[in-house]
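Shown next: my_file_24.txt, containing compact mmCIF, C-alpha atoms and all ligand atoms.
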```
# COMPACT_ATOMS: atom_id res chain seq x y z
CA MET A 825 0.00 0.00 0.00
CA ALA A 826 1.20 3.51 -0.75
CA SER A 827 2.04 6.48 1.41
CA GLU A 828 -0.35 9.44 1.23
CA LYS A 829 2.19 11.33 -0.90
CA GLU A 830 2.68 8.43 -3.32
CA ALA A 831 -1.08 8.05 -3.61
CA ALA A 832 -1.55 11.74 -4.36
CA LEU A 833 1.14 11.56 -7.05
CA ALA A 834 -0.37 8.41 -8.55
CA ALA A 835 -3.76 10.07 -8.86
CA VAL A 836 -2.41 12.85 -11.08
CA ALA A 837 0.29 10.89 -12.93
CA ASP A 838 -1.80 9.24 -15.67
CA PRO A 839 -5.30 9.37 -17.08
CA PRO A 840 -7.48 6.96 -15.10
CA ASP A 841 -7.74 4.46 -17.93
CA ALA A 842 -4.01 4.37 -18.73
CA PRO A 843 -2.37 0.94 -18.49
CA THR A 844 -0.82 0.22 -15.11
CA ILE A 845 1.80 -2.11 -13.76
CA PHE A 846 -0.97 -4.66 -13.26
CA ASP A 847 -1.46 -4.87 -17.06
CA LYS A 848 2.21 -5.83 -17.32
CA ILE A 849 1.69 -8.43 -14.60
CA LEU A 850 -1.33 -9.85 -16.45
CA LYS A 851 0.69 -10.02 -19.68
CA LYS A 852 3.57 -11.69 -17.77
CA GLU A 853 5.88 -8.87 -18.84
CA ILE A 854 6.90 -8.53 -15.21
CA PRO A 855 6.91 -11.42 -12.76
CA SER A 856 4.43 -12.05 -10.00
CA THR A 857 3.73 -14.87 -7.60
CA ALA A 858 0.37 -16.30 -8.56
CA VAL A 859 -1.91 -17.74 -5.92
CA TYR A 860 -5.15 -18.11 -7.89
CA GLU A 861 -6.43 -17.61 -11.41
CA ASP A 862 -9.62 -18.19 -13.33
CA ASP A 863 -11.16 -16.72 -16.46
CA MET A 864 -12.17 -13.46 -14.71
CA VAL A 865 -9.59 -12.73 -12.01
CA TYR A 866 -5.91 -13.06 -11.19
CA ALA A 867 -4.49 -13.08 -7.66
CA PHE A 868 -0.84 -12.64 -6.73
CA ARG A 869 1.29 -11.77 -3.72
CA ASP A 870 1.83 -8.09 -2.95
CA ILE A 871 5.44 -7.05 -3.50
CA CYS A 872 5.43 -5.04 -0.27
CA PRO A 873 3.43 -7.18 2.15
CA GLN A 874 1.72 -5.50 5.10
CA ALA A 875 0.87 -8.81 6.77
CA PRO A 876 2.19 -12.40 6.61
CA THR A 877 -0.44 -13.00 3.92
CA HIS A 878 -0.97 -10.07 1.55
CA ILE A 879 -2.55 -10.90 -1.78
CA LEU A 880 -3.97 -8.68 -4.52
CA ILE A 881 -7.00 -9.86 -6.48
CA ILE A 882 -7.62 -8.07 -9.76
CA PRO A 883 -10.02 -8.32 -12.69
CA LYS A 884 -8.27 -9.63 -15.81
CA VAL A 885 -10.23 -7.14 -17.91
CA LYS A 886 -10.14 -3.63 -16.48
CA ASP A 887 -13.22 -2.44 -18.44
CA GLY A 888 -13.13 1.05 -16.92
CA LEU A 889 -12.62 -0.19 -13.37
CA SER A 890 -9.62 1.94 -12.56
CA GLN A 891 -11.14 2.26 -9.08
CA LEU A 892 -14.25 1.15 -7.26
CA SER A 893 -15.90 4.57 -7.54
CA LYS A 894 -15.99 4.10 -11.34
CA ALA A 895 -18.11 0.95 -11.01
CA GLU A 896 -21.25 0.76 -13.11
CA GLU A 897 -24.20 -1.62 -13.26
CA ARG A 898 -22.37 -3.88 -15.73
CA HIS A 899 -19.62 -4.50 -13.19
CA ARG A 900 -21.85 -6.24 -10.63
CA GLU A 901 -20.74 -9.71 -11.66
CA ILE A 902 -17.00 -9.03 -11.52
CA LEU A 903 -17.36 -7.16 -8.22
CA GLY A 904 -19.15 -10.12 -6.66
CA HIS A 905 -16.63 -12.50 -8.18
CA LEU A 906 -13.71 -10.58 -6.66
CA MET A 907 -15.29 -10.90 -3.20
CA TYR A 908 -16.10 -14.57 -3.60
CA THR A 909 -12.58 -15.23 -4.86
CA ALA A 910 -11.20 -13.56 -1.74
CA LYS A 911 -13.11 -16.07 0.37
CA ILE A 912 -11.75 -18.99 -1.67
CA ILE A 913 -8.17 -17.72 -1.39
CA ALA A 914 -8.49 -17.04 2.34
CA LYS A 915 -9.42 -20.69 2.82
CA GLN A 916 -6.61 -21.80 0.52
CA GLU A 917 -4.16 -19.71 2.58
CA GLY A 918 -5.40 -21.22 5.86
CA LEU A 919 -6.85 -17.99 7.24
CA GLU A 920 -9.53 -19.82 9.25
CA ASP A 921 -9.30 -17.34 12.13
CA GLY A 922 -10.13 -14.32 10.01
CA PHE A 923 -8.73 -11.89 7.50
CA ARG A 924 -9.29 -8.39 6.13
CA LEU A 925 -10.24 -7.12 2.67
CA VAL A 926 -9.26 -3.59 1.67
CA ILE A 927 -10.10 -1.57 -1.44
CA ASN A 928 -8.33 1.77 -1.54
CA ASP A 929 -10.14 4.34 -3.68
CA GLY A 930 -8.62 7.56 -4.93
CA PRO A 931 -6.11 9.88 -3.25
CA SER A 932 -7.91 10.04 0.09
CA GLY A 933 -8.16 6.25 0.08
CA CYS A 934 -4.41 6.02 -0.57
CA GLN A 935 -4.83 4.24 -3.92
CA SER A 936 -1.59 4.03 -5.90
CA VAL A 937 -2.40 1.66 -8.79
CA TYR A 938 -5.40 2.60 -10.93
CA HIS A 939 -6.62 -0.90 -11.80
CA LEU A 940 -9.23 -2.06 -9.30
CA HIS A 941 -7.79 -4.49 -6.77
CA VAL A 942 -8.83 -6.12 -3.54
CA HIS A 943 -6.16 -6.48 -0.86
CA LEU A 944 -6.50 -9.72 1.13
CA LEU A 945 -4.57 -9.42 4.39
CA GLY A 946 -4.18 -12.03 7.08
CA GLY A 947 -1.89 -14.05 9.29
CA ARG A 948 -1.72 -11.47 12.09
CA GLN A 949 -4.12 -9.62 14.37
CA MET A 950 -5.61 -6.63 12.55
CA ASN A 951 -6.31 -3.38 14.36
CA TRP A 952 -9.23 -0.98 14.20
CA PRO A 953 -9.49 1.82 13.23
CA PRO A 954 -7.13 1.39 10.26
CA GLY A 955 -4.62 4.13 9.49
P1 LIG B 1001 -2.96 0.51 -3.62
O1 LIG B 1001 -2.00 1.39 -2.86
O2 LIG B 1001 -4.21 0.17 -2.86
O3 LIG B 1001 -3.25 1.07 -4.99
O4 LIG B 1001 -2.23 -0.88 -3.78
C1 LIG B 1001 -1.30 -1.14 -4.77
C2 LIG B 1001 -0.49 -2.30 -4.30
O5 LIG B 1001 0.24 -2.84 -5.38
C3 LIG B 1001 0.53 -1.97 -3.21
O6 LIG B 1001 0.23 -2.69 -2.02
C4 LIG B 1001 1.86 -2.37 -3.83
O7 LIG B 1001 2.75 -2.93 -2.89
C5 LIG B 1001 1.42 -3.37 -4.87
N1 LIG B 1001 2.33 -3.54 -5.98
C6 LIG B 1001 2.88 -2.57 -6.75
N2 LIG B 1001 3.66 -3.12 -7.69
C7 LIG B 1001 3.61 -4.46 -7.51
C8 LIG B 1001 4.22 -5.58 -8.17
N3 LIG B 1001 5.04 -5.43 -9.21
N4 LIG B 1001 3.94 -6.81 -7.70
C9 LIG B 1001 3.12 -6.99 -6.65
N5 LIG B 1001 2.51 -5.98 -5.99
C10 LIG B 1001 2.76 -4.74 -6.41
```

Please lay out the structure from this file as structure tokens.
Amino acid sequence: MASEKEAALAAVADPPDAPTIFDKILKKEIPSTAVYEDDMVYAFRDICPQAPTHILIIPKVKDGLSQLSKAEERHREILGHLMYTAKIIAKQEGLEDGFRLVINDGPSGCQSVYHLHVHLLGGRQMNWPPG
């Protein structure tokens, strides 16, 4: 996850629909550690983990979903699929005691990559409120 400054810079760096580093990951142009894949989503380990388990789940087709606040009616299926996939991966990762999902949206949400993604965090006690 990004610092507030990095997130602010990311928000103004590119047009919202510009390709991101996640497109390169999907095209295997840069490496990632896959944990799950199906026809709609890809999940891989975060490069800068904030918990013992930190996985990013992304739609394979961005279709305008640079961030959750851009979601439209047509995205209902992929949004539900991302959540259900998180549950499958949490089980696969042995997170029986609980886990946390995070979606950062926009500069105030500290989003740094403008391709919708769900953070799945687990393997330690989470705190509330989050930072
Ligand atoms: P966010 O700040 O919510 O937009 O989250 C973006 C996440 O992408 C951060 O947690 C980064 O650590 C992660 N990230 C950036 N580049 C890579 C990469 N090449 N491989 C895996 N995770 C990455």

Using all atoms listed in the file - which residues lie no farther than 7 Å from the point (-4.8, -7.3, -12.0) in the file's frame? Write them as a PyMOL selection string. chain A and resi 846-847+850+866+881-884+939+941

When you look at Arg948 (chain A) with a cut-off of 7 Å (counting only C-alpha atoms), what residues show up, excluding the ones that are within fewer than 2 positions of it in the same chain? I need them as a PyMOL selection string. chain A and resi 875-876+946+950

List the spatial neighbours of Leu945 (chain A) as a PyMOL selection string - criterion: any atom at most 7 Å away, all atoms listed in the file, same-chain residues fewer than 6 positions off excluded. chain A and resi 875+877-879+923-925

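Distance check against ligand LIG 1001 (chain B) using all atoms listed in the file: of A:Gln916, A:Ser936, A:Thr844, A:Gln949, the minimum falls on A:Ser936.
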
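Distances here use all atoms listed in the file; by that measure, the residue among A:Ala895, A:Leu889, A:Ile912, A:Leu906 closest to Asp841 (chain A) is A:Leu889.
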
Neighbours of ligand LIG 1001 (chain B) within 9 Å, counting only C-alpha atoms and all ligand atoms, as a PyMOL selection string? chain A and resi 825-827+830-831+834+845-846+848-849+854-857+868-874+878-880+891+926-930+933-943

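Coordinates place CA of Glu828 (chain A) at a distance of 24.1 Å from CA of Lys886 (chain A).
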
Can you work out the spacing between CA of Leu944 (chain A) and CA of Val859 (chain A) in Å, to one decimal? 11.6 Å

Among A:Ala842, A:Ala858, A:Ala832, A:Met864, Ile902 (chain A) is approached most closely, using only C-alpha atoms, by A:Met864

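Distance annotation: of A:Leu892, A:Pro839, A:Leu903, A:Thr909, the residue with the minimal separation from Tyr860 (chain A) is A:Thr909; atom set is all atoms listed in the file.
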
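The interatomic distance for the pair CA of Ala867 (chain A) and CA of Pro843 (chain A) works out to 17.8 Å.
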